[in-house]
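Engineer: Contents of start-v6.pdb (PDB, C-alpha atoms, pLDDT in the B column):
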ATOM      1  CA  LEU A 202      -0.021 -16.411 -14.213  1.00 81.00           C
ATOM      2  CA  ALA A 203       2.304 -16.916 -11.237  1.00 85.00           C
ATOM      3  CA  ARG A 204       5.192 -15.257 -13.090  1.00 89.00           C
ATOM      4  CA  ASP A 205       2.975 -12.280 -13.982  1.00 87.00           C
ATOM      5  CA  TYR A 206       1.849 -11.871 -10.362  1.00 88.00           C
ATOM      6  CA  ARG A 207       5.449 -12.078  -9.109  1.00 91.00           C
ATOM      7  CA  ALA A 208       6.399  -9.295 -11.521  1.00 91.00           C
ATOM      8  CA  ARG A 209       3.435  -7.182 -10.373  1.00 90.00           C
ATOM      9  CA  ARG A 210       4.282  -7.845  -6.721  1.00 92.00           C
ATOM     10  CA  ASP A 211       7.902  -6.872  -7.261  1.00 94.00           C
ATOM     11  CA  LEU A 212       6.921  -3.692  -9.131  1.00 91.00           C
ATOM     12  CA  LEU A 213       4.470  -2.636  -6.417  1.00 93.00           C
ATOM     13  CA  CYS A 214       6.817  -3.410  -3.530  1.00 95.00           C
ATOM     14  CA  ARG A 215       9.681  -1.562  -5.193  1.00 94.00           C
ATOM     15  CA  ALA A 216       7.417   1.452  -5.834  1.00 92.00           C
ATOM     16  CA  LEU A 217       6.142   1.454  -2.249  1.00 95.00           C
ATOM     17  CA  LEU A 218       9.674   1.272  -0.862  1.00 96.00           C
ATOM     18  CA  ASP A 219      10.796   4.057  -3.203  1.00 94.00           C
ATOM     19  CA  ALA A 220       7.875   6.187  -1.963  1.00 92.00           C
ATOM     20  CA  GLY A 221       8.914   5.677   1.672  1.00 94.00           C
ATOM     21  CA  LEU A 222       6.494   2.967   2.762  1.00 96.00           C
ATOM     22  CA  ARG A 223       7.761  -0.247   4.342  1.00 97.00           C
ATOM     23  CA  CYS A 224       6.432  -3.600   3.209  1.00 96.00           C
ATOM     24  CA  THR A 225       7.281  -7.285   3.068  1.00 92.00           C
ATOM     25  CA  PRO A 226       6.615  -8.951  -0.292  1.00 92.00           C
ATOM     26  CA  PRO A 227       3.875 -11.572   0.093  1.00 92.00           C
ATOM     27  CA  GLU A 228       4.673 -15.140  -0.867  1.00 91.00           C
ATOM     28  CA  GLY A 229       1.186 -16.280  -1.831  1.00 88.00           C
ATOM     29  CA  ALA A 230      -1.258 -13.389  -1.688  1.00 91.00           C
ATOM     30  CA  TYR A 231      -2.006 -10.715  -4.289  1.00 90.00           C
ATOM     31  CA  TYR A 232      -1.989  -7.815  -1.855  1.00 93.00           C
ATOM     32  CA  VAL A 233       0.643  -5.978   0.187  1.00 96.00           C
ATOM     33  CA  LEU A 234       0.283  -4.449   3.636  1.00 96.00           C
ATOM     34  CA  ALA A 235       2.448  -1.339   3.762  1.00 98.00           C
ATOM     35  CA  ASP A 236       3.518   0.665   6.804  1.00 98.00           C
ATOM     36  CA  PHE A 237       3.256   4.410   6.164  1.00 98.00           C
ATOM     37  CA  SER A 238       4.288   5.569   9.656  1.00 96.00           C
ATOM     38  CA  GLU A 239       7.494   7.226   8.409  1.00 95.00           C
ATOM     39  CA  LEU A 240       5.474   9.370   5.970  1.00 95.00           C
ATOM     40  CA  SER A 241       2.458  10.531   7.931  1.00 96.00           C
ATOM     41  CA  ASP A 242       0.918  10.758  11.393  1.00 96.00           C
ATOM     42  CA  LEU A 243      -2.583  10.296   9.985  1.00 96.00           C
ATOM     43  CA  PRO A 244      -4.574   7.225  11.050  1.00 96.00           C
ATOM     44  CA  ASP A 245      -4.946   4.553   8.383  1.00 98.00           C
ATOM     45  CA  ASP A 246      -8.452   5.522   7.268  1.00 97.00           C
ATOM     46  CA  GLN A 247      -7.478   9.179   6.780  1.00 97.00           C
ATOM     47  CA  PHE A 248      -4.224   8.268   5.012  1.00 97.00           C
ATOM     48  CA  ALA A 249      -6.132   5.933   2.677  1.00 97.00           C
ATOM     49  CA  HIS A 250      -8.676   8.693   2.007  1.00 97.00           C
ATOM     50  CA  TRP A 251      -5.867  11.190   1.310  1.00 96.00           C
ATOM     51  CA  LEU A 252      -4.220   8.794  -1.170  1.00 94.00           C
ATOM     52  CA  THR A 253      -7.546   8.231  -2.891  1.00 94.00           C
ATOM     53  CA  GLN A 254      -8.542  11.898  -3.121  1.00 95.00           C
ATOM     54  CA  GLU A 255      -5.178  13.525  -3.782  1.00 92.00           C
ATOM     55  CA  ILE A 256      -3.185  10.868  -5.625  1.00 88.00           C
ATOM     56  CA  GLY A 257      -5.835   8.624  -7.182  1.00 88.00           C
ATOM     57  CA  VAL A 258      -4.602   5.441  -5.501  1.00 89.00           C
ATOM     58  CA  ALA A 259      -7.176   3.656  -3.354  1.00 92.00           C
ATOM     59  CA  PRO A 260      -5.707   1.410  -0.653  1.00 96.00           C
ATOM     60  CA  VAL A 261      -7.767  -0.224   2.080  1.00 97.00           C
ATOM     61  CA  PRO A 262      -7.143   0.931   5.675  1.00 98.00           C
ATOM     62  CA  GLY A 263      -5.104  -1.699   7.502  1.00 97.00           C
ATOM     63  CA  SER A 264      -7.192  -1.624  10.679  1.00 97.00           C
ATOM     64  CA  SER A 265     -10.080  -3.267   8.828  1.00 96.00           C
ATOM     65  CA  PHE A 266      -8.090  -6.531   8.719  1.00 95.00           C
ATOM     66  CA  PHE A 267      -7.542  -6.877  12.475  1.00 95.00           C
ATOM     67  CA  SER A 268      -9.958  -7.978  15.202  1.00 96.00           C
ATOM     68  CA  ARG A 269      -8.635  -5.038  17.240  1.00 95.00           C
ATOM     69  CA  PRO A 270      -8.007  -2.022  14.982  1.00 93.00           C
ATOM     70  CA  GLU A 271      -4.919  -0.680  16.803  1.00 94.00           C
ATOM     71  CA  PRO A 272      -2.334  -3.000  15.150  1.00 94.00           C
ATOM     72  CA  GLY A 273      -3.444  -1.817  11.699  1.00 94.00           C
ATOM     73  CA  ARG A 274      -3.571   1.936  12.316  1.00 97.00           C
ATOM     74  CA  ARG A 275      -0.242   2.540  10.539  1.00 97.00           C
ATOM     75  CA  LEU A 276      -0.921   0.174   7.624  1.00 98.00           C
ATOM     76  CA  VAL A 277      -2.715   0.308   4.294  1.00 98.00           C
ATOM     77  CA  ARG A 278      -3.303  -2.585   1.917  1.00 97.00           C
ATOM     78  CA  PHE A 279      -2.680  -2.479  -1.825  1.00 95.00           C
ATOM     79  CA  ALA A 280      -3.824  -5.172  -4.265  1.00 93.00           C
ATOM     80  CA  PHE A 281      -1.704  -5.903  -7.317  1.00 89.00           C
ATOM     81  CA  CYS A 282      -4.077  -8.275  -9.093  1.00 86.00           C
ATOM     82  CA  LYS A 283      -5.274  -5.355 -11.256  1.00 73.00           C
ATOM     83  CA  THR A 284      -2.125  -3.250 -11.284  1.00 53.00           C
ATOM     84  CA  ARG A 285      -1.072  -1.914 -14.665  1.00 60.00           C
ATOM     85  CA  PRO A 286       2.595  -2.318 -15.532  1.00 53.00           C
ATOM     86  CA  GLY A 287       4.401   0.992 -15.198  1.00 55.00           C
ATOM     87  CA  ALA A 288       2.082   2.312 -12.484  1.00 60.00           C
ATOM     88  CA  ARG A 289       3.626   5.187 -10.570  1.00 60.00           C
ATOM     89  CA  PRO A 290       4.150   5.111  -6.793  1.00 59.00           C
ATOM     90  CA  PRO A 291       2.259   7.651  -4.689  1.00 58.00           C
ATOM     91  CA  PRO A 292       4.213  10.706  -3.523  1.00 62.00           C
ATOM     92  CA  ALA A 293       4.645  11.339   0.185  1.00 61.00           C
ATOM     93  CA  PRO A 294       1.992  13.489   1.908  1.00 63.00           C
ATOM     94  CA  GLY A 295       2.850  17.155   1.670  1.00 62.00           C
ATOM     95  CA  SER A 296       5.150  16.769  -1.329  1.00 57.00           C
TER      96      SER A 296
END
Would it be possible to restate this file's structure as structure tokens?

Structural biologist:
Amino acid sequence: LARDYRARRDLLCRALLDAGLRCTPPEGAYYVLADFSELSDLPDDQFAHWLTQEIGVAPVPGSSFFSRPEPGRRLVRFAFCKTRPGARPPPAPGS
């Protein structure tokens, strides 16, 4: 199980980096917080909504994980516990 999750984590992180998001691979969790600030000026909730509606990928807005929402406004969270191998990364907004 751990080996499978490492492979999923690595696939997701590589795809996010290739798509222009910044992230640090987690060492024990099955989700990744990704910084999208180089791709879009949208707040996290609108960026997450855009990804869901336009791309079909549903991240969680990062601000929902902070006691004060400001630190999470440029982050979205992706879970890889249900990721299918070969999943495609989301394209940048406007592409």

Engineer: Around the point (7.2, -12.7, -5.6), in the coordinates given by the file, pick out the residues reaching within 8 Å, counting all atoms listed in the file, and return them as an mmCIF file with C-alpha atoms, in the coordinates of the input.

Structural biologist:
data_model
loop_
_atom_site.group_PDB
_atom_site.id
_atom_site.type_symbol
_atom_site.label_atom_id
_atom_site.label_comp_id
_atom_site.auth_asym_id
_atom_site.auth_seq_id
_atom_site.Cartn_x
_atom_site.Cartn_y
_atom_site.Cartn_z
ATOM 1 C CA TYR A 206 1.849 -11.871 -10.362
ATOM 2 C CA ARG A 207 5.449 -12.078 -9.109
ATOM 3 C CA ALA A 208 6.399 -9.295 -11.521
ATOM 4 C CA ARG A 210 4.282 -7.845 -6.721
ATOM 5 C CA ASP A 211 7.902 -6.872 -7.261
ATOM 6 C CA PRO A 226 6.615 -8.951 -0.292
ATOM 7 C CA PRO A 227 3.875 -11.572 0.093
ATOM 8 C CA GLU A 228 4.673 -15.140 -0.867
ATOM 9 C CA GLY A 229 1.186 -16.280 -1.831
#

Engineer: At a cut-off of 8 Å around the point (5.9, 1.9, 5.8) (file coordinates), what residues fall inside when counting all atoms listed in the file? I'd like the answer as a PyMOL selection string.

Structural biologist: chain A and resi 218+221-224+235-240+275-276

Engineer: Report, in Å with one decimal, the straight-line distance from atom CA of Arg209 of chain A to atom CA of Leu243 of chain A.

Structural biologist: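 These atoms are spaced 27.5 Å apart.
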
Engineer: If I take atom CA of Val277 of chain A and atom CA of Asp242 of chain A, how far is one from the other in Å, to one decimal?

Structural biologist: 13.1 Å

Engineer: In Å, rounded to a single decimal, give me how far atom CA of Cys282 of chain A is from atom CA of Asp219 of chain A.

Structural biologist: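 Atom CA of Cys282 of chain A lies 20.2 Å from atom CA of Asp219 of chain A.
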
Engineer: Taking only C-alpha atoms into account, name the residue in A:Ala220, A:Phe248, A:Tyr231, A:Arg278 that is nearest to Phe266 of chain A.

Structural biologist: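 Of all the options, A:Arg278 lies closest to Phe266 of chain A.
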
Engineer: Pull out every residue that the PyMOL selection byres ((chain A and resi 264) around 10) matches in the shown coordinates and put them as a list in words.

Structural biologist: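 Here the PyMOL selection byres ((chain A and resi 264) around 10) matches Pro244, Asp245, Asp246, Val261, Pro262, Gly263, Ser265, Phe266, Phe267, Ser268, Arg269, Pro270, Glu271, Pro272, Gly273, Arg274, Arg275, Leu276, Val277 and Arg278 of chain A.
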
Engineer: Quick one: everything within 6 Å of Phe279 of chain A, counting all atoms listed in the file, minus sequence neighbours fewer than 5 positions away in the same chain. Send it as a list in words.

Structural biologist: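 These residues fall inside the cut-off: Tyr232, Val233 and Pro260 of chain A.
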
Engineer: As lines of an AutoDock Vina configuration file, please report the centre and edge lengths, rounded to one decimal in Å, of the axis-aligned box that holds all listed atoms of segment 269-286 of chain A with 6 Å of padding on each of the six sides.

Structural biologist:
center_x = -3.0
center_y = -2.9
center_z = 0.9
size_x = 23.2
size_y = 22.8
size_z = 44.8

Engineer: Return the single residue from A:Ala216, A:Gln254, A:Phe281, A:Ala249 that is closest to Ala230 of chain A, with distances computed using all atoms listed in the file.

Structural biologist: A:Phe281
